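Novice: My structure is in model37.txt, and what it holds is compact mmCIF, C-alpha atoms:
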```txt
# COMPACT_ATOMS: atom_id res chain seq x y z
CA GLU A 1 140.21 17.24 -7.57
CA ALA A 2 142.41 19.03 -10.10
CA GLU A 3 143.89 18.24 -13.50
CA LEU A 4 147.09 19.52 -15.08
CA TYR A 5 148.08 18.85 -18.68
CA LYS A 6 151.74 18.82 -19.69
CA THR A 7 153.46 17.72 -22.88
CA PHE A 8 156.48 15.49 -22.32
CA TYR A 9 159.18 14.87 -24.92
CA SER A 10 161.02 11.57 -25.25
CA ASP A 11 164.49 13.13 -25.47
CA ARG A 12 164.25 14.89 -22.09
CA ASN A 13 164.23 13.93 -18.43
CA TYR A 14 161.54 15.28 -16.13
CA ARG A 15 160.95 15.62 -12.41
CA ILE A 16 157.39 16.10 -11.19
CA GLY A 17 156.86 17.86 -7.88
CA VAL A 18 153.46 17.95 -6.19
CA CYS A 19 153.32 20.25 -3.18
CA GLY A 20 150.67 21.05 -0.60
CA ALA A 21 150.33 23.30 2.41
CA ASN A 22 151.58 21.93 5.73
CA ASN A 23 148.07 21.53 7.11
CA LEU A 24 146.89 19.34 4.23
CA GLU A 25 146.88 15.57 4.20
CA ALA A 26 149.28 13.75 1.86
CA ILE A 27 148.47 14.38 -1.79
CA GLU A 28 147.72 11.43 -4.01
CA PHE A 29 148.11 11.78 -7.78
CA LYS A 30 148.38 9.87 -11.02
CA VAL A 31 150.29 10.53 -14.23
CA VAL A 32 148.09 9.44 -17.14
CA ASP A 33 148.81 9.20 -20.86
CA THR A 34 145.82 11.10 -22.28
CA ARG A 35 146.22 9.39 -25.65
CA ASN A 36 145.24 5.97 -24.34
CA GLY A 37 144.25 6.47 -20.72
CA LYS A 38 147.17 4.37 -19.45
CA VAL A 39 148.30 5.20 -15.91
CA LEU A 40 152.06 5.81 -16.07
CA TYR A 41 152.52 6.49 -12.36
CA ASP A 42 150.30 6.35 -9.31
CA ASN A 43 151.52 7.35 -5.85
CA SER A 44 148.62 5.70 -4.07
CA LEU A 45 150.00 3.41 -1.38
CA LYS A 46 146.99 1.15 -1.72
CA ASP A 47 147.88 0.44 -5.35
CA PHE A 48 151.53 -0.21 -4.53
CA ASN A 49 150.59 -2.52 -1.67
CA GLU A 50 148.49 -4.56 -4.09
CA VAL A 51 151.23 -4.68 -6.71
CA ILE A 52 153.83 -5.80 -4.16
CA ARG A 53 151.49 -8.42 -2.75
CA PHE A 54 150.95 -9.79 -6.26
CA ASN A 55 154.69 -9.92 -7.06
CA PRO A 56 157.01 -9.28 -4.08
CA LYS A 57 160.22 -9.97 -6.03
CA LYS A 58 160.41 -6.69 -7.98
CA PRO A 59 162.81 -4.26 -6.24
CA LYS A 60 161.53 -1.16 -8.07
CA ARG A 61 158.13 -1.59 -6.48
CA TYR A 62 159.62 -1.34 -3.01
CA THR A 63 161.71 1.60 -4.21
CA PHE A 64 158.68 3.52 -5.44
CA ARG A 65 156.70 2.81 -2.28
CA GLY A 66 159.69 3.80 -0.17
CA GLN A 67 159.90 7.11 -1.99
CA ILE A 68 156.23 7.74 -1.28
CA TYR A 69 156.75 6.97 2.40
CA ARG A 70 159.73 9.35 2.46
CA LEU A 71 157.74 12.15 0.84
CA ARG A 72 155.02 11.61 3.42
CA GLY A 73 157.54 11.78 6.25
CA ASP A 74 157.17 8.12 7.25
CA LEU A 75 160.92 7.57 7.21
CA ASP A 76 161.04 4.31 9.14
CA LYS A 77 158.77 2.64 6.59
CA ALA A 78 160.76 4.22 3.76
CA ILE A 79 163.96 2.70 5.15
CA GLU A 80 162.26 -0.70 5.45
CA ASP A 81 161.28 -0.61 1.78
CA PHE A 82 164.69 0.60 0.59
CA THR A 83 166.29 -2.18 2.62
CA LYS A 84 163.97 -4.77 1.09
CA ALA A 85 164.76 -3.42 -2.38
CA LEU A 86 168.48 -3.70 -1.61
CA GLU A 87 168.04 -7.34 -0.67
CA LEU A 88 166.66 -7.89 -4.17
CA ALA A 89 169.01 -5.50 -5.98
CA PRO A 90 172.21 -5.15 -3.91
CA HIS A 91 174.14 -3.46 -6.73
CA ASP A 92 171.74 -0.52 -7.16
CA SER A 93 173.61 2.51 -5.83
CA THR A 94 170.49 4.70 -5.89
CA LEU A 95 168.96 2.57 -3.14
CA TYR A 96 171.88 3.29 -0.83
CA ARG A 97 171.53 6.96 -1.70
CA ASP A 98 167.80 7.04 -0.95
CA ARG A 99 168.13 5.03 2.26
CA GLY A 100 171.03 7.23 3.33
CA SER A 101 168.94 10.35 2.82
CA ALA A 102 166.15 8.85 4.91
CA HIS A 103 168.60 7.96 7.70
CA SER A 104 169.96 11.51 7.48
CA ASN A 105 166.50 13.02 7.91
CA LEU A 106 165.99 10.83 10.96
CA GLY A 107 169.24 12.12 12.44
CA GLU A 108 170.93 8.73 12.15
CA THR A 109 174.28 10.19 11.15
CA ASP A 110 176.44 7.07 11.11
CA LYS A 111 173.95 5.01 9.10
CA ALA A 112 173.38 7.89 6.69
CA LEU A 113 177.08 8.43 6.09
CA GLU A 114 177.68 4.72 5.58
CA ASP A 115 174.94 4.48 2.94
CA LEU A 116 175.86 7.70 1.14
CA ASN A 117 179.53 6.75 1.01
CA ARG A 118 178.55 3.35 -0.35
CA ALA A 119 176.42 4.98 -3.05
CA LEU A 120 179.33 7.18 -4.16
CA GLU A 121 181.77 4.26 -4.11
CA MET A 122 179.46 2.33 -6.42
CA ALA A 123 178.62 5.26 -8.72
CA PRO A 124 181.13 8.12 -8.28
CA ASP A 125 179.61 10.09 -11.16
CA ASP A 126 176.03 9.95 -9.88
CA VAL A 127 175.07 13.60 -9.54
CA ASP A 128 172.17 13.02 -7.15
CA SER A 129 174.40 11.09 -4.76
CA HIS A 130 176.76 14.07 -4.55
CA VAL A 131 173.75 16.31 -3.92
CA ALA A 132 172.48 13.94 -1.22
CA MET A 133 175.88 13.95 0.48
CA GLY A 134 175.93 17.73 0.27
CA VAL A 135 172.51 17.96 1.90
CA PHE A 136 173.73 15.58 4.62
CA HIS A 137 176.65 17.91 5.43
CA SER A 138 174.51 21.04 5.09
CA MET A 139 172.00 19.72 7.63
CA ARG A 140 174.86 19.29 10.10
CA GLY A 141 176.40 22.70 9.54
CA ASN A 142 179.41 21.39 7.62
CA SER A 143 179.35 24.21 5.08
CA GLU A 144 182.68 23.60 3.37
CA GLU A 145 182.01 19.88 2.94
CA ALA A 146 178.55 20.63 1.60
CA LEU A 147 179.86 23.18 -0.90
CA SER A 148 182.46 20.69 -2.11
CA CYS A 149 179.72 18.15 -2.82
CA PHE A 150 177.51 20.63 -4.67
CA ASP A 151 180.48 21.90 -6.66
CA LYS A 152 181.29 18.34 -7.69
CA ALA A 153 177.69 17.75 -8.73
CA LEU A 154 177.79 20.86 -10.92
CA GLU A 155 181.11 19.81 -12.38
CA LEU A 156 179.43 16.58 -13.48
CA ARG A 157 176.23 18.26 -14.64
CA PRO A 158 176.36 22.06 -14.91
CA ASP A 159 172.79 22.37 -16.21
CA TYR A 160 171.13 20.77 -13.16
CA GLY A 161 169.08 22.92 -10.80
CA PRO A 162 169.15 21.10 -7.40
CA PRO A 163 172.90 21.61 -6.73
CA TYR A 164 172.54 25.34 -7.40
CA PHE A 165 169.56 25.62 -5.06
CA ASN A 166 171.18 23.65 -2.25
CA ARG A 167 174.43 25.57 -2.65
CA ALA A 168 172.41 28.78 -2.40
CA LEU A 169 171.06 27.68 0.98
CA VAL A 170 174.58 27.10 2.27
CA VAL A 171 176.14 30.35 1.05
CA PHE A 172 173.14 32.27 2.40
CA ARG A 173 173.94 30.94 5.88
CA MET A 174 177.52 32.03 5.30
CA GLY A 175 176.32 35.60 4.61
CA GLU A 176 177.05 35.55 0.87
CA LEU A 177 173.74 37.02 -0.29
CA ASP A 178 174.77 37.91 -3.83
CA ARG A 179 176.04 34.40 -4.43
CA ALA A 180 172.89 32.92 -2.91
CA ILE A 181 170.72 35.05 -5.21
CA SER A 182 172.80 34.07 -8.22
CA ASP A 183 172.65 30.34 -7.45
CA CYS A 184 168.95 30.30 -6.62
CA SER A 185 168.13 32.32 -9.75
CA ARG A 186 170.15 29.88 -11.82
CA ALA A 187 168.31 26.92 -10.29
CA ILE A 188 164.97 28.45 -11.27
CA GLU A 189 166.22 29.24 -14.77
CA LEU A 190 167.18 25.58 -15.15
CA GLY A 191 163.65 24.50 -14.35
CA LEU A 192 163.56 24.07 -10.58
CA ALA A 193 160.06 25.58 -10.41
CA HIS A 194 159.57 24.65 -6.77
CA VAL A 195 157.71 26.92 -4.37
CA ALA A 196 160.63 26.63 -1.93
CA ALA A 197 163.04 28.03 -4.53
CA TYR A 198 160.88 31.07 -5.23
CA ALA A 199 160.26 31.62 -1.52
CA PHE A 200 163.97 31.41 -0.75
CA LEU A 201 164.85 33.78 -3.58
CA SER A 202 162.31 36.28 -2.22
CA THR A 203 163.92 35.98 1.21
CA CYS A 204 167.34 36.68 -0.28
CA LEU A 205 166.07 39.69 -2.20
CA MET A 206 164.36 41.11 0.88
CA ASN A 207 167.57 40.73 2.84
CA LYS A 208 169.27 42.72 0.12
CA GLY A 209 166.52 45.32 0.21
CA ARG A 210 165.39 44.52 -3.31
CA TYR A 211 161.67 43.90 -3.21
CA GLY A 212 159.75 42.48 -6.11
CA LYS A 213 159.16 39.26 -7.92
CA TYR A 214 161.67 37.14 -9.76
CA GLU A 215 161.96 37.94 -13.46
```
Can the structure in the file be given as C-alpha cells, please?
Specialist:
Amino acid sequence: EAELYKTFYSDRNYRIGVCGANNLEAIEFKVVDTRNGKVLYDNSLKDFNEVIRFNPKKPKRYTFRGQIYRLRGDLDKAIEDFTKALELAPHDSTLYRDRGSAHSNLGETDKALEDLNRALEMAPDDVDSHVAMGVFHSMRGNSEEALSCFDKALELRPDYGPPYFNRALVVFRMGELDRAISDCSRAIELGLAHVAAYAFLSTCLMNKGRYGKYE
C-alpha cells in the first residue's frame, strides 16, 4: 500500500492520474478527506456495484463505473454502463463523448463518430469533446482533422494540457520535432504530469540529439 498527500483548493479543477506498469493488476485507490476521514472517491468496482444495486436510478454511478471499466480496458462493459447512464440522462453530452471514445478504442469507427458528433452537437464548446474527436482522428491517421480538433480545443481553453500533448503526438508523426517538443513541454508546464508526457518528450529530445531531462 502507499499514501500520497495533496492539498486541493476549492477554486481550481483537478485531474488525478494513477498509473502502473503494464504487468501489474488494475490499481484500486481512494481519495480521502484527511480532516474527517470521508471517502470522496473510490474506484473499487465492488463498492460501485453495491451502490448501484442499492439505487440503480442514478446515472452518475453508471458513469463512474464505466470510467473505471474503460481505464481497466474492459471497453464492452464501459459502453454498457455509459449506455445505461444515457437512458437515465439522455441530455448529458459527456456520456456520448465517453461512450464514443470507448467505441473508438474498440475500433468501432461508425459508432464512435456518431457518438462524438452527437456530443459536439449538444455541447460545441466542450473542450474534452474536441480533444476526444481529435484523438479519434489521430488514431486513424487523419492528421489534419486531428490538428483542427486540438486547435479548436486550445482556442476554447488555451491553458489546458491535454490538447497540447495530443497535438504533439500528431506533429511528431508528421516530422515536426521542434513543434512536438514545444507542445509537449507546454503540456507539462500546464500540469500534465503524466509519465507518458515525460517519456514522449524524452523521445523527441533524443530524436533531436538533445539528451537530458526536462527542465
Novice: Set the distance at 6 Å and use all atoms listed in the file: which residues neighbour region 58-74 of chain A once local chain neighbours fewer than 6 positions away are removed? I'd like the list as an mmCIF file with C-alpha atoms, keeping the file's coordinate frame.
Specialist:
```cif
data_model
loop_
_atom_site.group_PDB
_atom_site.id
_atom_site.type_symbol
_atom_site.label_atom_id
_atom_site.label_comp_id
_atom_site.auth_asym_id
_atom_site.auth_seq_id
_atom_site.Cartn_x
_atom_site.Cartn_y
_atom_site.Cartn_z
ATOM 1 C CA ASP A 81 161.280 -0.610 1.780
ATOM 2 C CA PHE A 82 164.690 0.600 0.590
ATOM 3 C CA ALA A 85 164.760 -3.420 -2.380
ATOM 4 C CA LEU A 88 166.660 -7.890 -4.170
#
```
Novice: If I take CA of Phe150 (chain A) and CA of Ser202 (chain A), how far is one from the other in Å, to one decimal?
Specialist: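 CA of Ser202 (chain A) lies 22.0 Å from CA of Phe150 (chain A).
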Novice: Considering all atoms listed in the file, can you say which of A:Leu116, A:Thr7, A:Ile52, A:Ala146 comes closest to Val31 (chain A)?
Specialist: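 Checking each of A:Leu116, A:Thr7, A:Ile52, A:Ala146 against Val31 (chain A), counting all atoms listed in the file, the winner is A:Thr7.
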Novice: Taking all atoms listed in the file into account, which of A:Leu156, A:Ala199, A:Leu106, A:Met139 comes nearest Arg173 (chain A)?
Specialist: A:Met139
Novice: Can you pull out every residue within 10 Å of Glu155 (chain A), counting all atoms listed in the file, but drop anything in the same chain fewer than 6 positions away, and send it as JSON, numbers by chain?
Specialist: {"A": [125, 127, 149]}
Novice: Box time for region 151-169 of chain A: axis-aligned, enclosing all its listed atoms, 6 Å extra on each side; report centre and edge lengths in Å to one decimal, as AutoDock Vina command-line options.
Specialist:
```
--center_x 175.2 --center_y 22.7 --center_z -7.6 --size_x 24.2 --size_y 24.2 --size_z 29.2
```
Novice: So which residues touch region 192-197 of chain A within 8 Å, counting all atoms listed in the file, skipping near sequence neighbours fewer than 3 positions away, as a PyMOL selection string?
Specialist: chain A and resi 17+161-162+165+184+187-189+200-201
Novice: Select, from A:Ala132, A:Asp126, A:Val171, A:Arg179, the residue with the minimum atom-to-atom distance to Ala102 (chain A), counting only C-alpha atoms.
Specialist: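 Looking only at the distances to Ala102 (chain A), the closest residue turns out to be A:Ala132.
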Novice: Report the distance between CA of Asn13 (chain A) and CA of Leu169 (chain A) in Å, rounded to one decimal place.
Specialist: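 We find that CA of Asn13 (chain A) and CA of Leu169 (chain A) lie 24.7 Å from each other.
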Novice: With all heavy atoms as the goal, would you fill in the gaps in region 55-66 of chain A and present it as a tab-separated table (two decimals), keeping the file's coordinate frame?
Specialist:
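What ended up in rebuild.tsv:
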```tsv
chain	number	residue	atom	x	y	z
A	55	ASN	N	153.34	-9.48	-6.65
A	55	ASN	CA	154.69	-9.92	-7.06
A	55	ASN	C	155.72	-9.24	-6.16
A	55	ASN	O	156.18	-8.14	-6.45
A	55	ASN	CB	154.95	-9.57	-8.53
A	55	ASN	CG	156.24	-10.22	-9.04
A	55	ASN	OD1	157.09	-10.63	-8.26
A	55	ASN	ND2	156.36	-10.30	-10.35
A	56	PRO	N	156.11	-9.90	-5.06
A	56	PRO	CA	157.01	-9.28	-4.08
A	56	PRO	C	158.49	-9.35	-4.44
A	56	PRO	O	159.33	-8.99	-3.62
A	56	PRO	CB	156.72	-10.09	-2.82
A	56	PRO	CG	156.36	-11.45	-3.34
A	56	PRO	CD	155.61	-11.20	-4.62
A	57	LYS	N	158.82	-9.79	-5.64
A	57	LYS	CA	160.22	-9.97	-6.03
A	57	LYS	C	160.74	-8.87	-6.94
A	57	LYS	O	161.86	-8.98	-7.46
A	57	LYS	CB	160.39	-11.33	-6.73
A	57	LYS	CG	160.05	-12.53	-5.85
A	57	LYS	CD	160.96	-12.61	-4.63
A	57	LYS	CE	160.66	-13.85	-3.80
A	57	LYS	NZ	161.53	-13.92	-2.60
A	58	LYS	N	159.99	-7.79	-7.11
A	58	LYS	CA	160.41	-6.69	-7.98
A	58	LYS	C	160.94	-5.54	-7.12
A	58	LYS	O	160.16	-4.87	-6.42
A	58	LYS	CB	159.23	-6.20	-8.83
A	58	LYS	CG	158.69	-7.24	-9.81
A	58	LYS	CD	159.65	-7.47	-10.95
A	58	LYS	CE	159.04	-8.38	-12.00
A	58	LYS	NZ	159.95	-8.59	-13.14
A	59	PRO	N	162.26	-5.28	-7.14
A	59	PRO	CA	162.81	-4.26	-6.24
A	59	PRO	C	162.28	-2.85	-6.50
A	59	PRO	O	162.12	-2.07	-5.56
A	59	PRO	CB	164.32	-4.34	-6.52
A	59	PRO	CG	164.45	-5.01	-7.85
A	59	PRO	CD	163.30	-5.95	-7.94
A	60	LYS	N	161.99	-2.51	-7.75
A	60	LYS	CA	161.53	-1.16	-8.07
A	60	LYS	C	160.21	-0.83	-7.37
A	60	LYS	O	159.95	0.33	-7.05
A	60	LYS	CB	161.37	-0.99	-9.57
A	60	LYS	CG	162.69	-0.83	-10.33
A	60	LYS	CD	163.41	0.45	-9.91
A	60	LYS	CE	164.69	0.64	-10.68
A	60	LYS	NZ	165.46	1.83	-10.21
A	61	ARG	N	159.42	-1.83	-7.14
A	61	ARG	CA	158.13	-1.59	-6.48
A	61	ARG	C	158.33	-1.17	-5.03
A	61	ARG	O	157.64	-0.29	-4.53
A	61	ARG	CB	157.25	-2.83	-6.60
A	61	ARG	CG	156.90	-3.12	-8.06
A	61	ARG	CD	156.15	-4.41	-8.27
A	61	ARG	NE	155.86	-4.58	-9.70
A	61	ARG	CZ	155.23	-5.63	-10.20
A	61	ARG	NH1	154.81	-6.60	-9.40
A	61	ARG	NH2	155.01	-5.72	-11.50
A	62	TYR	N	159.29	-1.78	-4.37
A	62	TYR	CA	159.62	-1.34	-3.01
A	62	TYR	C	160.27	0.05	-3.04
A	62	TYR	O	160.04	0.87	-2.15
A	62	TYR	CB	160.58	-2.34	-2.35
A	62	TYR	CG	159.96	-3.68	-2.06
A	62	TYR	CD1	160.16	-4.76	-2.93
A	62	TYR	CD2	159.16	-3.88	-0.93
A	62	TYR	CE1	159.58	-6.01	-2.67
A	62	TYR	CE2	158.59	-5.11	-0.66
A	62	TYR	CZ	158.81	-6.17	-1.54
A	62	TYR	OH	158.23	-7.39	-1.29
A	63	THR	N	161.07	0.29	-4.08
A	63	THR	CA	161.71	1.60	-4.21
A	63	THR	C	160.67	2.70	-4.34
A	63	THR	O	160.74	3.72	-3.64
A	63	THR	CB	162.63	1.63	-5.44
A	63	THR	OG1	163.60	0.59	-5.34
A	63	THR	CG2	163.34	2.96	-5.55
A	64	PHE	N	159.70	2.51	-5.23
A	64	PHE	CA	158.68	3.52	-5.44
A	64	PHE	C	157.85	3.74	-4.18
A	64	PHE	O	157.55	4.88	-3.80
A	64	PHE	CB	157.76	3.13	-6.60
A	64	PHE	CG	158.42	3.19	-7.94
A	64	PHE	CD1	158.13	2.26	-8.93
A	64	PHE	CD2	159.35	4.19	-8.24
A	64	PHE	CE1	158.74	2.32	-10.17
A	64	PHE	CE2	159.97	4.24	-9.47
A	64	PHE	CZ	159.66	3.31	-10.44
A	65	ARG	N	157.48	2.65	-3.51
A	65	ARG	CA	156.70	2.81	-2.28
A	65	ARG	C	157.52	3.49	-1.20
A	65	ARG	O	157.02	4.34	-0.45
A	65	ARG	CB	156.17	1.46	-1.79
A	65	ARG	CG	155.13	1.61	-0.67
A	65	ARG	CD	154.52	0.29	-0.28
A	65	ARG	NE	155.49	-0.60	0.35
A	65	ARG	CZ	155.18	-1.81	0.84
A	65	ARG	NH1	153.95	-2.28	0.74
A	65	ARG	NH2	156.11	-2.57	1.40
A	66	GLY	N	158.81	3.15	-1.14
A	66	GLY	CA	159.69	3.80	-0.17
A	66	GLY	C	159.79	5.29	-0.42
A	66	GLY	O	159.82	6.09	0.53
```
